[in-house]
Structure formats: C-alpha cells, structure tokens
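Novice: Okay, so here is model.txt, and as you'll see once you scroll down, it has compact mmCIF, C-alpha atoms.
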```
# COMPACT_ATOMS: atom_id res chain seq x y z
CA MET A 216 -11.17 -21.59 -124.07
CA ILE A 217 -8.49 -19.85 -122.01
CA ARG A 218 -9.63 -16.49 -123.29
CA LYS A 219 -13.28 -17.18 -122.36
CA LEU A 220 -12.32 -18.43 -118.91
CA THR A 221 -10.17 -15.36 -118.30
CA ALA A 222 -12.97 -13.05 -119.34
CA PHE A 223 -15.43 -14.90 -117.08
CA VAL A 224 -13.17 -14.65 -114.03
CA LEU A 225 -12.56 -10.97 -114.65
CA SER A 226 -16.29 -10.44 -115.10
CA VAL A 227 -17.03 -11.94 -111.70
CA CYS A 228 -14.34 -9.80 -110.09
CA MET A 229 -15.70 -6.63 -111.59
CA ILE A 230 -19.23 -7.44 -110.46
CA TRP A 231 -18.07 -7.67 -106.87
CA THR A 232 -15.73 -4.69 -106.94
CA CYS A 233 -17.60 -2.11 -108.93
CA VAL A 234 -20.50 -0.26 -107.43
CA SER A 235 -23.15 0.76 -109.99
CA CYS A 236 -21.40 2.12 -113.05
CA GLY A 237 -24.53 3.18 -114.90
CA THR A 238 -25.72 6.55 -116.04
CA PRO A 239 -26.54 9.03 -113.24
CA ASP A 240 -30.15 8.47 -112.26
CA GLY A 241 -32.39 10.40 -114.61
CA ALA A 242 -29.50 11.95 -116.48
CA GLU A 243 -31.88 13.53 -118.94
CA ASN A 244 -33.10 16.95 -117.87
CA GLY A 245 -36.52 16.74 -116.30
CA LYS A 246 -36.11 13.18 -115.02
CA ARG A 247 -33.45 13.79 -112.40
CA ASP A 248 -34.59 15.08 -109.01
CA THR A 249 -33.56 18.73 -108.88
CA ASP A 250 -35.74 19.68 -105.91
CA ILE A 251 -33.04 19.08 -103.32
CA SER A 252 -33.65 21.90 -100.85
CA PRO A 253 -36.45 24.41 -100.17
CA ALA A 254 -33.73 27.09 -100.10
CA LEU A 255 -32.50 26.37 -103.65
CA THR A 256 -34.08 27.30 -106.98
CA TYR A 257 -33.12 25.12 -109.96
CA SER A 258 -31.90 27.03 -113.01
CA HIS A 259 -30.62 24.67 -115.74
CA SER A 260 -28.41 21.64 -116.44
CA MET A 261 -25.13 21.18 -118.24
CA GLU A 262 -25.41 19.64 -121.69
CA THR A 263 -22.64 17.14 -122.37
CA VAL A 264 -21.52 15.93 -125.79
CA TYR A 265 -20.23 12.44 -125.00
CA ALA A 266 -20.08 11.94 -121.23
CA GLU A 267 -22.85 9.90 -119.60
CA LYS A 268 -21.38 9.08 -116.20
CA PHE A 269 -21.88 12.45 -114.55
CA ALA A 270 -24.48 15.21 -114.57
CA VAL A 271 -24.34 18.85 -113.50
CA ASP A 272 -27.36 20.90 -112.37
CA TYR A 273 -27.15 24.64 -111.72
CA TYR A 274 -29.10 26.61 -109.13
CA GLU A 275 -29.53 30.31 -108.48
CA ASP A 276 -26.82 32.11 -106.47
CA GLY A 277 -24.11 29.86 -107.97
CA TYR A 278 -24.85 26.54 -106.26
CA THR A 279 -24.12 23.47 -108.41
CA LEU A 280 -25.20 19.85 -107.96
CA LEU A 281 -22.91 17.07 -109.24
CA THR A 282 -24.30 13.56 -109.72
CA ILE A 283 -21.89 10.67 -110.35
CA ALA A 284 -22.54 7.26 -111.89
CA ASP A 285 -22.42 5.54 -108.49
CA GLU A 286 -25.38 7.75 -107.50
CA SER A 287 -23.22 9.93 -105.25
CA ARG A 288 -24.32 13.58 -105.17
CA TYR A 289 -22.32 16.66 -104.22
CA LEU A 290 -23.42 20.27 -103.81
CA VAL A 291 -20.69 22.76 -104.70
CA VAL A 292 -21.20 25.79 -102.45
CA PRO A 293 -19.72 29.09 -103.71
CA GLU A 294 -17.18 30.84 -101.52
CA GLY A 295 -18.84 33.02 -98.93
CA LEU A 296 -22.19 31.21 -99.02
CA SER A 297 -23.49 28.63 -96.58
CA VAL A 298 -24.89 25.14 -96.99
CA PRO A 299 -28.62 25.60 -97.72
CA GLU A 300 -31.12 24.49 -95.11
CA GLY A 301 -33.09 21.32 -95.71
CA LEU A 302 -30.53 19.84 -98.10
CA GLU A 303 -31.28 16.19 -98.85
CA GLN A 304 -29.22 14.05 -96.48
CA ASP A 305 -27.35 12.00 -99.09
CA ILE A 306 -25.88 15.11 -100.74
CA VAL A 307 -22.32 15.97 -99.69
CA PRO A 308 -21.58 19.71 -99.47
CA LEU A 309 -18.29 20.85 -101.02
CA LEU A 310 -17.34 24.37 -99.95
CA GLN A 311 -15.29 26.46 -102.36
CA PRO A 312 -12.49 27.21 -102.64
CA LEU A 313 -11.69 23.50 -102.81
CA ASP A 314 -8.00 23.25 -102.10
CA HIS A 315 -5.73 20.73 -100.39
CA VAL A 316 -7.15 18.02 -102.65
CA TYR A 317 -5.89 14.45 -102.18
CA LEU A 318 -5.68 13.24 -105.78
CA VAL A 319 -5.47 9.46 -106.19
CA ALA A 320 -7.21 9.07 -109.58
CA SER A 321 -4.18 9.53 -111.85
CA ALA A 322 -6.28 10.28 -114.96
CA VAL A 323 -7.62 13.40 -113.23
CA MET A 324 -4.22 15.05 -112.76
CA ASP A 325 -4.00 15.96 -116.44
CA MET A 326 -7.36 17.68 -116.12
CA PHE A 327 -6.17 19.86 -113.24
CA VAL A 328 -3.12 20.75 -115.33
CA ALA A 329 -5.36 21.67 -118.28
CA LEU A 330 -7.43 23.87 -115.95
CA ASP A 331 -4.29 25.58 -114.65
CA ALA A 332 -5.49 24.48 -111.22
CA LEU A 333 -2.61 22.34 -110.02
CA GLU A 334 -2.24 24.57 -106.95
CA LEU A 335 -5.50 23.07 -105.64
CA VAL A 336 -3.87 19.63 -105.38
CA ARG A 337 -1.90 19.22 -102.17
CA PHE A 338 -1.62 15.43 -101.90
CA SER A 339 -0.80 12.77 -104.47
CA GLY A 340 -1.54 9.06 -104.42
CA MET A 341 1.61 8.45 -106.43
CA LYS A 342 5.27 9.26 -105.88
CA ALA A 343 7.15 11.60 -108.21
CA GLU A 344 8.70 8.81 -110.29
CA GLY A 345 5.26 7.42 -111.06
CA TRP A 346 4.11 10.60 -112.80
CA TYR A 347 4.69 11.00 -116.54
CA ILE A 348 2.90 14.36 -116.52
CA GLU A 349 5.81 16.76 -116.19
CA GLU A 350 3.97 19.38 -114.13
CA ALA A 351 2.80 16.77 -111.61
CA ARG A 352 6.21 15.15 -111.30
CA GLU A 353 7.91 18.50 -110.72
CA ALA A 354 5.31 19.54 -108.14
CA VAL A 355 5.82 16.33 -106.13
CA GLU A 356 9.60 16.61 -106.41
CA SER A 357 9.53 20.21 -105.16
CA GLY A 358 7.15 19.46 -102.28
CA GLU A 359 4.33 21.60 -103.63
CA ILE A 360 2.38 18.36 -103.78
CA LEU A 361 2.99 15.82 -101.02
CA TYR A 362 2.91 12.07 -101.50
CA ALA A 363 0.25 10.86 -99.05
CA GLY A 364 0.03 7.13 -99.75
CA ASN A 365 -1.85 5.21 -102.41
CA TYR A 366 -5.55 4.34 -102.55
CA SER A 367 -5.22 1.36 -100.20
CA ALA A 368 -2.92 2.94 -97.61
CA PRO A 369 -3.37 6.72 -97.24
CA ASP A 370 -1.28 8.67 -94.76
CA TYR A 371 -4.28 9.77 -92.72
CA GLU A 372 -2.21 11.83 -90.28
CA LYS A 373 -0.62 13.88 -93.06
CA ILE A 374 -3.91 14.38 -94.88
CA VAL A 375 -5.79 15.49 -91.77
CA SER A 376 -3.01 17.72 -90.41
CA GLU A 377 -3.06 19.88 -93.53
CA GLY A 378 -6.83 20.13 -93.78
CA CYS A 379 -7.63 18.04 -96.83
CA GLY A 380 -10.85 19.32 -98.38
CA LEU A 381 -11.58 16.52 -100.87
CA ALA A 382 -10.26 13.09 -101.86
CA ILE A 383 -10.62 12.17 -105.54
CA GLU A 384 -10.32 8.41 -105.93
CA ASN A 385 -10.65 6.02 -108.86
CA THR A 386 -12.83 2.91 -108.71
CA MET A 387 -9.97 0.89 -107.20
CA ILE A 388 -11.15 2.30 -103.88
CA TYR A 389 -13.98 -0.23 -104.01
CA HIS A 390 -11.36 -2.90 -103.36
CA ASN A 391 -10.73 -1.21 -100.02
CA PRO A 392 -14.08 0.24 -98.89
CA GLU A 393 -12.75 0.66 -95.37
CA VAL A 394 -10.41 3.38 -96.66
CA LYS A 395 -13.29 5.38 -98.10
CA GLU A 396 -15.23 4.93 -94.86
CA GLN A 397 -12.27 6.09 -92.76
CA LEU A 398 -11.73 9.20 -94.91
CA GLU A 399 -15.40 10.07 -94.51
CA ARG A 400 -15.21 9.48 -90.75
CA LEU A 401 -12.41 12.05 -90.74
CA GLU A 402 -14.85 14.42 -92.47
CA ILE A 403 -12.98 14.29 -95.77
CA PRO A 404 -15.46 14.04 -98.67
CA VAL A 405 -14.65 11.32 -101.20
CA LEU A 406 -15.51 11.63 -104.90
CA VAL A 407 -14.94 8.52 -107.03
CA ASP A 408 -13.98 9.30 -110.62
CA HIS A 409 -15.87 7.14 -113.16
CA SER A 410 -14.42 8.63 -116.33
CA SER A 411 -12.89 5.28 -117.29
CA TYR A 412 -16.41 3.84 -117.63
CA GLU A 413 -17.42 6.24 -120.37
CA ALA A 414 -18.38 4.35 -123.55
CA GLU A 415 -16.98 7.05 -125.84
CA PRO A 416 -13.28 7.99 -125.69
CA LEU A 417 -13.98 11.72 -125.66
CA GLY A 418 -16.51 11.09 -122.89
CA ARG A 419 -13.49 10.49 -120.66
CA THR A 420 -11.98 13.80 -121.64
CA GLU A 421 -15.30 15.59 -121.06
CA TRP A 422 -14.98 14.91 -117.34
CA VAL A 423 -12.76 17.99 -117.31
CA LYS A 424 -16.05 19.92 -117.20
CA LEU A 425 -16.95 18.35 -113.85
CA TYR A 426 -13.54 19.26 -112.43
CA GLY A 427 -13.93 22.71 -113.92
CA VAL A 428 -16.99 23.14 -111.68
CA LEU A 429 -15.07 21.98 -108.62
CA ALA A 430 -12.10 24.23 -109.39
CA ASP A 431 -14.30 27.20 -110.36
CA ARG A 432 -12.73 27.16 -113.82
CA GLU A 433 -15.60 26.25 -116.11
CA GLU A 434 -14.48 28.46 -119.00
CA GLU A 435 -11.04 26.86 -118.97
CA ALA A 436 -12.66 23.42 -118.90
CA GLU A 437 -14.79 24.19 -121.93
CA GLU A 438 -11.78 25.52 -123.83
CA ALA A 439 -9.69 22.44 -122.99
CA PHE A 440 -12.45 20.08 -124.09
CA GLN A 441 -13.06 21.99 -127.31
CA ALA A 442 -9.36 21.77 -128.18
CA GLU A 443 -9.57 17.96 -128.12
CA MET A 444 -12.84 18.05 -130.02
CA GLU A 445 -11.08 20.04 -132.74
CA ALA A 446 -8.23 17.51 -132.88
CA PHE A 447 -10.79 14.74 -133.35
CA THR A 448 -12.99 16.55 -135.84
CA SER A 449 -9.93 17.28 -137.98
CA VAL A 450 -9.90 13.58 -138.91
CA SER A 451 -13.46 12.41 -138.22
CA GLY A 452 -15.62 11.77 -141.24
CA GLY A 453 -12.50 11.75 -143.40
CA GLU A 454 -10.61 8.98 -145.10
CA GLU A 455 -11.31 5.43 -143.90
CA PHE A 456 -8.58 2.87 -144.27
CA ASP A 457 -9.07 -0.82 -144.97
CA LYS A 458 -6.37 -1.52 -142.43
CA THR A 459 -6.42 -3.61 -139.26
CA VAL A 460 -4.61 -2.71 -136.06
CA ALA A 461 -3.49 -4.84 -133.11
CA PHE A 462 -2.92 -3.03 -129.79
CA PHE A 463 -1.14 -5.06 -127.09
CA TYR A 464 1.78 -5.59 -124.75
CA ILE A 465 3.69 -8.69 -123.66
CA THR A 466 3.40 -9.51 -119.96
CA SER A 467 6.26 -10.64 -117.75
CA ASN A 468 4.84 -14.16 -118.15
CA GLY A 469 5.22 -14.02 -121.91
CA GLU A 470 1.50 -13.65 -122.64
CA ALA A 471 -0.20 -11.05 -124.83
CA ASN A 472 -2.43 -8.54 -123.11
CA VAL A 473 -4.97 -7.04 -125.54
CA ARG A 474 -7.94 -4.71 -125.26
CA ASN A 475 -11.54 -5.85 -125.07
CA SER A 476 -13.29 -5.06 -128.36
CA GLU A 477 -15.65 -2.65 -126.58
CA ASP A 478 -12.85 -0.80 -124.80
CA TYR A 479 -12.16 2.84 -125.60
CA LEU A 480 -8.84 2.17 -127.38
CA PRO A 481 -10.37 -0.06 -130.09
CA LYS A 482 -13.03 2.63 -130.49
CA MET A 483 -10.29 5.21 -130.98
CA ILE A 484 -8.80 3.05 -133.73
CA GLN A 485 -12.20 2.92 -135.41
CA MET A 486 -12.71 6.66 -135.00
CA ALA A 487 -9.33 7.18 -136.67
CA GLY A 488 -10.48 5.21 -139.73
CA GLY A 489 -9.00 1.79 -138.97
CA ARG A 490 -10.30 -1.57 -137.72
CA TYR A 491 -9.29 -3.29 -134.51
CA ILE A 492 -8.05 -6.80 -135.33
CA PHE A 493 -10.14 -8.41 -132.56
CA GLU A 494 -13.71 -7.68 -133.61
CA ASP A 495 -15.63 -9.58 -130.90
CA LEU A 496 -13.21 -10.06 -128.04
CA GLY A 497 -15.15 -10.12 -124.77
CA GLU A 498 -18.44 -9.02 -126.33
CA PRO A 499 -20.74 -12.07 -125.91
CA GLY A 500 -23.00 -11.58 -122.90
CA ARG A 501 -21.18 -8.38 -122.01
CA GLU A 502 -22.92 -6.10 -119.55
CA GLU A 503 -21.62 -2.62 -118.91
CA GLY A 504 -19.06 -2.51 -116.15
CA THR A 505 -18.85 -6.31 -115.74
CA VAL A 506 -16.01 -7.19 -118.12
CA SER A 507 -12.39 -6.12 -117.80
CA SER A 508 -11.05 -3.73 -120.40
CA THR A 509 -8.27 -6.20 -121.21
CA VAL A 510 -7.91 -9.90 -122.01
CA THR A 511 -4.74 -11.95 -121.62
CA MET A 512 -4.05 -14.77 -124.08
CA GLN A 513 -1.25 -17.21 -124.82
CA MET A 514 1.18 -16.00 -127.47
CA GLU A 515 0.27 -18.87 -129.79
CA GLN A 516 -3.36 -17.77 -129.76
CA PHE A 517 -2.41 -14.13 -130.19
CA TYR A 518 -0.25 -15.07 -133.17
CA ALA A 519 -3.04 -17.09 -134.78
CA GLU A 520 -5.55 -14.24 -134.47
CA ALA A 521 -3.39 -11.15 -135.02
CA LYS A 522 -0.55 -12.18 -137.35
CA GLU A 523 -2.21 -10.62 -140.41
CA ALA A 524 -2.78 -7.21 -138.79
CA ASP A 525 -1.62 -4.39 -141.04
CA TYR A 526 -0.32 -2.37 -138.09
CA ILE A 527 0.69 -3.29 -134.57
CA ILE A 528 0.89 -0.80 -131.71
CA TYR A 529 2.83 -1.86 -128.65
CA ASN A 530 1.43 -0.47 -125.40
CA SER A 531 4.43 0.81 -123.44
CA ALA A 532 2.49 2.08 -120.42
CA ILE A 533 2.93 -1.16 -118.45
CA GLU A 534 6.28 -2.66 -119.39
CA GLY A 535 8.05 0.48 -120.64
CA GLU A 536 8.89 2.02 -124.00
CA LEU A 537 10.74 0.07 -126.70
CA SER A 538 13.55 1.41 -128.85
CA SER A 539 13.57 -1.05 -131.77
CA VAL A 540 11.72 -3.85 -133.53
CA GLU A 541 14.50 -6.16 -132.37
CA GLU A 542 13.68 -5.34 -128.76
CA LEU A 543 10.03 -6.18 -129.46
CA ILE A 544 10.93 -9.52 -131.09
CA ASP A 545 13.10 -10.37 -128.08
CA LYS A 546 9.86 -10.53 -126.09
CA SER A 547 8.54 -13.29 -128.39
CA SER A 548 10.09 -14.76 -131.53
CA LEU A 549 6.59 -15.28 -132.94
CA LEU A 550 6.32 -11.55 -133.52
CA GLU A 551 8.94 -11.77 -136.28
CA ASN A 552 6.36 -13.53 -138.47
CA PHE A 553 3.68 -10.83 -138.11
CA GLN A 554 2.74 -9.13 -141.37
CA ALA A 555 3.10 -5.69 -139.79
CA VAL A 556 6.67 -6.51 -138.74
CA LYS A 557 7.54 -7.64 -142.27
CA ASP A 558 6.01 -4.46 -143.69
CA GLY A 559 7.65 -2.15 -141.16
CA ASN A 560 4.35 -1.01 -139.67
CA VAL A 561 5.32 -1.37 -136.01
CA TYR A 562 4.59 1.46 -133.59
CA CYS A 563 4.95 2.02 -129.86
CA THR A 564 3.00 4.32 -127.55
CA THR A 565 4.74 6.82 -125.34
CA LYS A 566 4.68 5.88 -121.66
CA ASN A 567 2.47 8.82 -120.67
CA LEU A 568 -0.51 7.70 -122.77
CA TYR A 569 -2.82 6.62 -119.92
CA GLN A 570 -2.14 9.63 -117.73
CA SER A 571 -2.84 12.01 -120.63
CA SER A 572 -6.61 12.01 -120.28
CA MET A 573 -6.85 15.43 -121.93
CA GLU A 574 -5.21 14.25 -125.14
CA LEU A 575 -7.52 11.53 -126.46
CA GLY A 576 -8.52 13.62 -129.48
CA THR A 577 -4.82 14.04 -130.24
CA MET A 578 -4.29 10.28 -129.88
CA ILE A 579 -7.10 9.59 -132.38
CA ARG A 580 -5.44 12.00 -134.79
CA ASP A 581 -2.09 10.23 -134.25
CA ILE A 582 -3.61 6.87 -135.21
CA HIS A 583 -5.23 8.42 -138.27
CA GLU A 584 -1.90 9.90 -139.37
CA MET A 585 -0.19 6.54 -138.81
CA LEU A 586 -2.75 4.80 -141.04
CA ALA A 587 -2.29 7.52 -143.66
CA GLY A 588 1.46 6.93 -143.69
CA LYS A 589 2.20 10.33 -142.18
CA ASP A 590 4.10 9.55 -139.01
CA ASP A 591 6.12 12.75 -138.71
CA GLY A 592 5.22 14.84 -135.68
CA LEU A 593 3.10 12.25 -133.88
CA THR A 594 2.55 12.99 -130.18
CA TYR A 595 1.78 9.64 -128.54
CA LEU A 596 3.04 7.15 -131.13
CA TYR A 597 6.42 6.50 -132.73
CA ARG A 598 7.59 4.00 -135.33
CA LEU A 599 9.94 1.20 -134.31
CA GLU A 600 12.81 0.57 -136.74
```
Could you show the structure in this file as structure tokens?
Specialist:
Amino acid sequence: MIRKLTAFVLSVCMIWTCVSCGTPDGAENGKRDTDISPALTYSHSMETVYAEKFAVDYYEDGYTLLTIADESRYLVVPEGLSVPEGLEQDIVPLLQPLDHVYLVASAVMDMFVALDALELVRFSGMKAEGWYIEEAREAVESGEILYAGNYSAPDYEKIVSEGCGLAIENTMIYHNPEVKEQLERLEIPVLVDHSSYEAEPLGRTEWVKLYGVLADREEEAEEAFQAEMEAFTSVSGGEEFDKTVAFFYITSNGEANVRNSEDYLPKMIQMAGGRYIFEDLGEPGREEGTVSSTVTMQMEQFYAEAKEADYIIYNSAIEGELSSVEELIDKSSLLENFQAVKDGNVYCTTKNLYQSSMELGTMIRDIHEMLAGKDDGLTYLYRLE
C-alpha cells in the first residue's frame, strides 16, 4: 500500500513538472516539418539507433535543425553564415562556434569530455567537489570552468558578463520556469536535455550525437557512441543467467530506494543477461514520463520481496561508496539475512556511475561479468567483502 501511494504521489508530481517528454513531433523522416525557411534546402536526417527523444535534420550549406522531445527546435548556424531569412519563429538560432556554455545537466559533461570539447564549457552548475568526472573537477578547480550557480539560482551577472552562448539544463529546470524565462530574456538560449527519458539505456548515450552537432564534432561523437555499442555487443546475445539482481540504496531514514521496473538500470540488468528482482514495480497504469524512476519502501517490505535475490548491487551515488559487507549491514540488520549476502554476491557501484553517461555499454558489460563470476577488472562495480 505504501509503495502504491508513493508511486501515485510521484506520478502526480511528474505530471506537473515535466513538459511533454514524448518523441519529437514526426520523428520519422518525412513526417517532421523540414520546410522551415524559404532560404534553406533540406538534405537528409540523422538515423539514430536507440535514441527517440531528439531528431537532427541537415540542410545544404551546413545548417542543422535539432528537435527535442519538449518540441523545442534549434537551428545550428555554421560559423561565418547568417541566420536564414523567414525562419519559423519558434526556432532558436544557435551560432557556431558555440562556446561559453553554461552546463547544468550533469549527464552531459561526460559527453563533452568524450568529444574532447570541454573548452566549450565555461560555466558549471555544480562546484568542483560535486564532479566525479576527473576532467570536469580539475577544470572547475583551475578556473577554466567557473561555478555559476545551480539550476534554481544561476549567477546571472557572471553568465552575462562573459557572454554565455547557450545554457544546457536538465528537466529540473521545469521546477523553476522563471529561471528559464530570465535566461531567455537575457538572450541566452536554453536547451533542456531529455536524455534521461530515453527508454533504452544506450539511447541516453546516443545523445552524444546531438552534442556532437552543437560542438561541430560529429565524427568524434559517432566514434564515442560506437565504442559503447561495441562494449554492449560484446555481451549481447550471449549467455543468459537464471540469476536475479536487486539494485538499491538505504536512505537516511532507513528505507530502501529501488528502481522502477521500467527504469533504464533494470533494463541494463536484463541486457546483461540477468533478471531484476522487482518485475512489476511501478508498471500498472504507467504512462511515459509520469512515474518516478525510483520507489522508496520500508525495509521490511524490501526484505520480503528481495531477500532471495542472487546478487545485490548497492547504489553508492547518493549515500557514498561502501568498503565492506559489514558497513552495508550496519545500515540495516535485515540485510544480513539476504541470500546474496550469505553467498558473498554483494557488489557496490562506484560513485561516478550517474555522471558517466558515456559508459553505459561498459556498465552493461560489468553486470554481465559479475553474473558470470568474472569480477576482475570491472569498471563501475566492485565486490564487497
């Protein structure tokens, strides 16, 4: 009952805070409106493998149209060219080179690193100590990237004084729409990243292609995405394990926070050949974008439903990494009775998991290796002794 009530409350919150999180209008080639200016001639569209929350259309002379899931549209204008006449009014022009970016969406930082385009980021929505991506932390510490306030309280004076060319926000900005409006009043374009709404895990990673367009590094984007595809394909279609996995962390209130069954992490477990222990958590009546990715439950309920899991993975991203099984059990004595604890199949994620958006294929491979009993050389998981 508690679980259902929690899911319902979170559903209502998401309905009010999330602008349309569907597929870009007419995402299939031929359905989307590509006649956006009498001065532009449509050429072709980008074909994506997994991503459904953005679309890219190419025009002659190097112009590129980006369409995001919230129906926002942006025309990337090559350096040296002008904004075409008669451009549809809702389309925001983005003039290359796009530098002095204010980057608030933390999952995007790893993509700029993968593109070797970190020099385009001038402002961060997080202080140095909040970054687990080494390159980002060092850049903020050295002053190459300036902390300019978080999504709800930007340092407008700092951002404007240095000529910010683009703000990249995550969907948390919808909690503070006045911030987005103020940035736009200051003539700073705002692009809201929707990669977290991709149904497929590698769909999130594929957003690197959109940022490759913005950074004028499309070849690098394709190479980075293919590297993760190769990590995934090295285990996909291979051995399947009749093993169940629980993925969770213990909150400061002593409750278990677990992933919705339709979330990308349970899908990664399945793609790795395992089965998520919660098969229908949050599914009934679920509409895309209206249910939180996590559900919090009392420890007694968590114990009853997950005690027989063959493996447990503790999510360290929120409460910090653990060093031993004893430290895990200190969070709740009930964990001592879990089958995975008795069998020694207890793992912990590294703290940089969520910021490493370009490593989801590697994470899937890590889970596969864990299930295969090969836990040497894992990147984002380690066994607790």
Novice: Taking all atoms listed in the file into account, produce a table as JSON lines in which each residue of region 237-347 of chain A with an atom at most 7 Å from an atom of region 401-410 of chain A appears once, together with its shortest atom pair and the distance in Å to one decimal, ordered by chain and rising number.
Specialist:
```
{"residue": "A:Lys268", "atom": "CA", "partner": "A:His409", "partner_atom": "CA", "distance": 6.6}
{"residue": "A:Ala284", "atom": "CA", "partner": "A:His409", "partner_atom": "CA", "distance": 6.8}
{"residue": "A:Ala320", "atom": "CA", "partner": "A:Asp408", "partner_atom": "CA", "distance": 6.9}
```
Novice: Do a neighbour search on region 253-259 of chain A at 9 Å with only C-alpha atoms, toss out local chain neighbours closer than 2 positions, and write the hits as a list in words.
Specialist: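 In the requested format, the answer is Asn244, Thr249, Asp250, Ile251, Met261, Val271, Asp272, Tyr273, Tyr274, Glu275, Asp276, Tyr278, Pro299, Glu300, Gly301 and Leu302 of chain A.
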Novice: I'd like to know which of A:Lys482, A:His390, A:Arg474, A:Lys373 is closest to Glu415 (chain A), using all atoms listed in the file.
Specialist: A:Lys482
Novice: Assuming 8 Å of padding per side, give the centre and edge lengths of the axis-aligned box around every listed atom of region 535-549 of chain A, in Å to one decimal and as AutoDock Vina command-line options.
Specialist:
```
--center_x 10.5 --center_y -6.6 --center_z -127.1 --size_x 23.9 --size_y 33.3 --size_z 28.9
```
Novice: What is the distance between CA of Tyr526 (chain A) and CA of Ala322 (chain A), in Å to one decimal?
Specialist: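 About the pair CA of Tyr526 (chain A) and CA of Ala322 (chain A): they are 27.0 Å apart.
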Novice: Which one is closest to Tyr595 (chain A): A:Asp545, A:Glu349, A:Glu303, A:Glu536? Count only C-alpha atoms.
Specialist: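 Result for the nearest residue to Tyr595 (chain A): A:Glu536.
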Novice: What gap, in Å, lies between CA of Leu550 (chain A) and CA of Gln570 (chain A)?
Specialist: 27.7 Å
Novice: Counting only C-alpha atoms, which of A:Glu470, A:Asp590, A:Glu294, A:Glu393 gets nearest to Met512 (chain A)?
Specialist: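 Comparing A:Glu470, A:Asp590, A:Glu294, A:Glu393 against Met512 (chain A), the winner is A:Glu470.
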Novice: Please report as JSON lines every residue of region 437-541 of chain A lying within 12 Å of region 326-330 of chain A, along with the nearest atom pair and their distance in Å (one decimal), using all atoms listed in the file.
Specialist:
```
{"residue": "A:Glu437", "atom": "CA", "partner": "A:Leu330", "partner_atom": "CA", "distance": 9.5}
{"residue": "A:Glu438", "atom": "CA", "partner": "A:Leu330", "partner_atom": "CA", "distance": 9.2}
{"residue": "A:Ala439", "atom": "CA", "partner": "A:Ala329", "partner_atom": "CA", "distance": 6.4}
{"residue": "A:Phe440", "atom": "CA", "partner": "A:Ala329", "partner_atom": "CA", "distance": 9.3}
{"residue": "A:Gln441", "atom": "CA", "partner": "A:Ala329", "partner_atom": "CA", "distance": 11.9}
{"residue": "A:Ala442", "atom": "CA", "partner": "A:Ala329", "partner_atom": "CA", "distance": 10.7}
{"residue": "A:Glu443", "atom": "CA", "partner": "A:Ala329", "partner_atom": "CA", "distance": 11.3}
```
Novice: When you draw a straight line from CA of Val307 (chain A) to CA of Lys395 (chain A), how long is it in Å?
Specialist: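 Interatomic distance here is 14.0 Å.
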Novice: Counting all atoms listed in the file, which of A:Thr420, A:Thr279, A:Ser339, A:Ser252 gets nearest to Met573 (chain A)?
Specialist: A:Thr420
Novice: For Gly277 (chain A), which residue out of A:Leu290, A:Ala519, A:Ala487, A:Ala471 is the nearest one, using all atoms listed in the file?
Specialist: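 For Gly277 (chain A), the nearest of the candidates is A:Leu290.
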Novice: Using only C-alpha atoms, which of the listed residues (A:Glu344, A:Asp478, A:Asp581, A:Glu334) sits closest to Tyr412 (chain A)?
Specialist: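 Checking each candidate against Tyr412 (chain A), we get A:Asp478 as the closest.
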Novice: Tell me, as a list in words, which residues lie within 8 Å of Glu534 (chain A), counting all atoms listed in the file; anything in the same chain fewer than 3 positions away does not count.
Specialist: Tyr464, Ile465, Thr466 and Ser531 of chain A
Novice: Show me, as an MDAnalysis selection string, the residues that have an atom within 8 Å of Val355 (chain A) when counting only C-alpha atoms, minus same-chain residues fewer than 5 positions from it.
Specialist: chainID A and resid 339 342:343 360:362
Novice: Can you pull out every residue within 10 Å of Ser449 (chain A), counting all atoms listed in the file, but drop anything in the same chain fewer than 4 positions away, and send it as a ChimeraX atom specification?
Specialist: /A:443-445,453,576-577,579-580
